[in-house]
Amino acid sequence: MTSSRPATGHPAEPSAVPPPEGGGPEPPPRRRPGGRTARIRARVLDAVRAELVEHGYDNLTVDTVAARAGVHRTTVYRRWRDVGGLLADVFDAAGDDDWQPRDTGSLRGDLAALTHGIHAALTEQPPVTAALIAASFRSEEAARALRRFWEDRYARCEAVVRRAVRRGEVPPHTDARRLLVAATAPLYHQLLLLRTPPDPHLPDHVAASTALAATAGAFAEPAPRDDD
């Protein structure tokens with residue numbers, strides 16, 4: 001994951017996702033604002049990330065962000081109101097992309113692509129992703145925005161499970177969310193909570209063990225009963 005985005009899948013990975021089961025149109029591309037407004041937003045959000053990493057949440061203010069971005073403080077106050085609004089927009093901007101999980105041809109490979117992206121984001125220097133996640137515990141507005149981001153990322157990543165079902169790798173009623181959480185949670189636990197040194201083998205280990213459990217039906221929901 002790039003340094004400007006929180007981690008639940010790697011925005012830089014190429015898109016290779018088929019349409020949902022049963023066909024249907026591809027979702028329309030996201031429309032991004034352009035011109036001067038977009039340039040100001042980009043400068044301000046870059047300043048938020050830099051200030052957060054260098055000086056921490058307690059020293060993050062609208063004035064320091066405005067000064068770093070070279071934008072009048074009134075502009076920042078008018079659009080973002082406060083630090084919570086700035087952080088929330090960082091998370092919202094992170095979801096404004098066309099990223100989709102890679103199709104490697106196997107569930108294990110798809111999960112490995114995801115876990116390697118998360119590992120890269122959580123161990124990047126400067127530690128932007130880790131700082132943003134930590135800041136979300138200090139601001140309810142930022143926390144809500146981070147939940148929106150993760151809901152969106154998990155929804156996109158459900159394609160990994162749909163593909164595995166179509167390939168016959170996992171049972172048809174596999175719970176995509178439970179599988180994805182099992183594949184990604186160990187990285188957050190090890191790197192953010194326990195703060196263990198980065199282990200380059202961890203992403204592959206987690207992907208392999210989760211794929212093995214999924215193949216054995218560990219995440220399968222009971223099939224719907226036919227009462228007729």
# chains A, B, ... in the order shown; residues from 1 in each chain; ligands from 1

$ residues_around --residues "stretch 37-45 of chain A" --least-positions-apart "3" --cutoff "10 Å" --atoms "only C-alpha atoms" --output "VMD selection string"
chain A and resid 4 32 to 34 48 to 51 62 65 to 71 75 to 76 79 to 80 86 to 87 89 to 91 93

$ closest_atom_pairs --of "stretch 81-137 of chain A" --to "stretch 165-174 of chain A" --cutoff "12 Å" --atoms "only C-alpha atoms" --output "tab-separated table"
residue	atom	partner	partner_atom	distance
A:Asp103	CA	A:Arg167	CA	11.9
A:Gly105	CA	A:Arg167	CA	8.8
A:Ser106	CA	A:Glu169	CA	8.0
A:Leu107	CA	A:Glu169	CA	7.3
A:Arg108	CA	A:Glu169	CA	9.7

$ residues_around --residues "A:Ile133" --least-positions-apart "3" --cutoff "8 Å" --atoms "only C-alpha atoms" --output "count of residues only"
6

$ atom_distance --atom1 "atom CA of A:Ala183" --atom2 "atom CA of A:Thr196"
17.8 Å

$ closest_residue --among "A:Val181, A:Leu122, A:Leu192, A:Ala145" --to "A:Ala88" --atoms "only C-alpha atoms"
A:Ala145

$ select_by_dssp --residues "stretch 13-188 of chain A" --states "alpha helix (DSSP H)" --output "number ranges by chain"
A: 35-55, 62-69, 73-80, 83-94, 107-122, 128-136, 140-166, 176-188

$ residues_around --residues "A:Leu202" --least-positions-apart "2" --cutoff "9 Å" --atoms "only C-alpha atoms" --output "NGL selection string"
:A and (115-116 or 119 or 186-187 or 198-200 or 204-207)

$ write_last_selection --atoms "N, CA and C atoms" --output "PDB file, in the first residue's frame"
ATOM      1  N   THR A 115      -1.964  -9.744   1.697  1.00  0.00           N
ATOM      2  CA  THR A 115      -1.192  -9.651   2.940  1.00  0.00           C
ATOM      3  C   THR A 115       0.164  -8.998   2.718  1.00  0.00           C
ATOM      4  N   HIS A 116       0.759  -9.209   1.570  1.00  0.00           N
ATOM      5  CA  HIS A 116       2.025  -8.523   1.290  1.00  0.00           C
ATOM      6  C   HIS A 116       1.803  -7.009   1.181  1.00  0.00           C
ATOM      7  N   HIS A 119       1.359  -5.738   4.744  1.00  0.00           N
ATOM      8  CA  HIS A 119       2.654  -5.767   5.435  1.00  0.00           C
ATOM      9  C   HIS A 119       3.522  -4.593   4.994  1.00  0.00           C
ATOM     10  N   PRO A 186      -3.980 -11.030  11.590  1.00  0.00           N
ATOM     11  CA  PRO A 186      -2.681 -11.313  12.221  1.00  0.00           C
ATOM     12  C   PRO A 186      -1.616 -10.252  11.927  1.00  0.00           C
ATOM     13  N   LEU A 187      -1.671  -9.625  10.764  1.00  0.00           N
ATOM     14  CA  LEU A 187      -0.667  -8.611  10.460  1.00  0.00           C
ATOM     15  C   LEU A 187      -0.850  -7.382  11.340  1.00  0.00           C
ATOM     16  N   PRO A 198       9.294  -6.614  11.795  1.00  0.00           N
ATOM     17  CA  PRO A 198       8.716  -7.117  10.551  1.00  0.00           C
ATOM     18  C   PRO A 198       9.295  -8.482  10.173  1.00  0.00           C
ATOM     19  N   ASP A 199       8.419  -9.388   9.809  1.00  0.00           N
ATOM     20  CA  ASP A 199       8.810 -10.731   9.384  1.00  0.00           C
ATOM     21  C   ASP A 199       8.401 -10.896   7.931  1.00  0.00           C
ATOM     22  N   PRO A 200       9.348 -10.954   7.005  1.00  0.00           N
ATOM     23  CA  PRO A 200       8.994 -11.045   5.588  1.00  0.00           C
ATOM     24  C   PRO A 200       8.237 -12.316   5.231  1.00  0.00           C
ATOM     25  N   ASP A 204       3.057 -14.581   3.662  1.00  0.00           N
ATOM     26  CA  ASP A 204       2.844 -15.864   3.001  1.00  0.00           C
ATOM     27  C   ASP A 204       2.318 -16.916   3.971  1.00  0.00           C
ATOM     28  N   HIS A 205       2.810 -16.885   5.202  1.00  0.00           N
ATOM     29  CA  HIS A 205       2.360 -17.858   6.193  1.00  0.00           C
ATOM     30  C   HIS A 205       0.876 -17.669   6.494  1.00  0.00           C
ATOM     31  N   VAL A 206       0.461 -16.429   6.698  1.00  0.00           N
ATOM     32  CA  VAL A 206      -0.939 -16.159   7.001  1.00  0.00           C
ATOM     33  C   VAL A 206      -1.825 -16.518   5.808  1.00  0.00           C
ATOM     34  N   ALA A 207      -1.388 -16.168   4.607  1.00  0.00           N
ATOM     35  CA  ALA A 207      -2.173 -16.487   3.411  1.00  0.00           C
ATOM     36  C   ALA A 207      -2.335 -17.993   3.246  1.00  0.00           C
TER      37      ALA A 207
END

$ atom_distance --atom1 "atom CA of A:Thr74" --atom2 "atom CA of A:His55"
22.2 Å

$ residues_around --residues "A:Thr104" --least-positions-apart "5" --cutoff "10 Å" --atoms "only C-alpha atoms" --output "CSV table (one decimal) with N, CA and C atoms, in the first residue's frame"
chain,number,residue,atom,x,y,z
A,16,ALA,N,-7.8,-6.8,-11.6
A,16,ALA,CA,-8.1,-7.9,-12.4
A,16,ALA,C,-9.3,-8.7,-11.8
A,109,GLY,N,-2.7,-17.4,-3.6
A,109,GLY,CA,-2.0,-16.4,-4.2
A,109,GLY,C,-2.7,-15.0,-4.1
A,110,ASP,N,-4.0,-15.0,-4.2
A,110,ASP,CA,-4.8,-13.8,-4.0
A,110,ASP,C,-4.6,-13.2,-2.6
A,111,LEU,N,-4.7,-14.1,-1.6
A,111,LEU,CA,-4.5,-13.7,-0.2
A,111,LEU,C,-3.1,-13.2,0.1
A,112,ALA,N,-2.1,-13.9,-0.6
A,112,ALA,CA,-0.7,-13.5,-0.4
A,112,ALA,C,-0.5,-12.1,-1.0
A,113,ALA,N,-1.2,-11.8,-2.1
A,113,ALA,CA,-1.0,-10.4,-2.7
A,113,ALA,C,-1.6,-9.4,-1.7
A,160,VAL,N,-12.2,-11.9,-4.1
A,160,VAL,CA,-11.2,-12.9,-3.9
A,160,VAL,C,-11.9,-14.2,-3.5

$ atom_distance --atom1 "atom CA of A:Glu54" --atom2 "atom CA of A:Glu124"
14.2 Å

$ closest_residue --among "A:Gly85, A:Ala164, A:Asp96, A:Gly35" --to "A:Ala143" --atoms "only C-alpha atoms"
A:Gly85

$ decode --residues "stretch 177-188 of chain A" --atoms "C-alpha atoms" --output "PDB file, in the first residue's frame"
ATOM      1  CA  ARG A 177     -15.831 -11.362   5.516  1.00  0.00           C
ATOM      2  CA  ARG A 178     -14.789 -13.964   8.094  1.00  0.00           C
ATOM      3  CA  LEU A 179     -12.197 -15.366   5.702  1.00  0.00           C
ATOM      4  CA  LEU A 180     -10.753 -11.954   4.867  1.00  0.00           C
ATOM      5  CA  VAL A 181     -10.556 -10.892   8.510  1.00  0.00           C
ATOM      6  CA  ALA A 182      -8.761 -14.146   9.362  1.00  0.00           C
ATOM      7  CA  ALA A 183      -6.256 -13.465   6.580  1.00  0.00           C
ATOM      8  CA  THR A 184      -5.519  -9.856   7.496  1.00  0.00           C
ATOM      9  CA  ALA A 185      -5.963  -9.574  11.277  1.00  0.00           C
ATOM     10  CA  PRO A 186      -2.681 -11.313  12.221  1.00  0.00           C
ATOM     11  CA  LEU A 187      -0.667  -8.611  10.460  1.00  0.00           C
ATOM     12  CA  TYR A 188      -2.349  -5.806  12.374  1.00  0.00           C
TER      13      TYR A 188
END
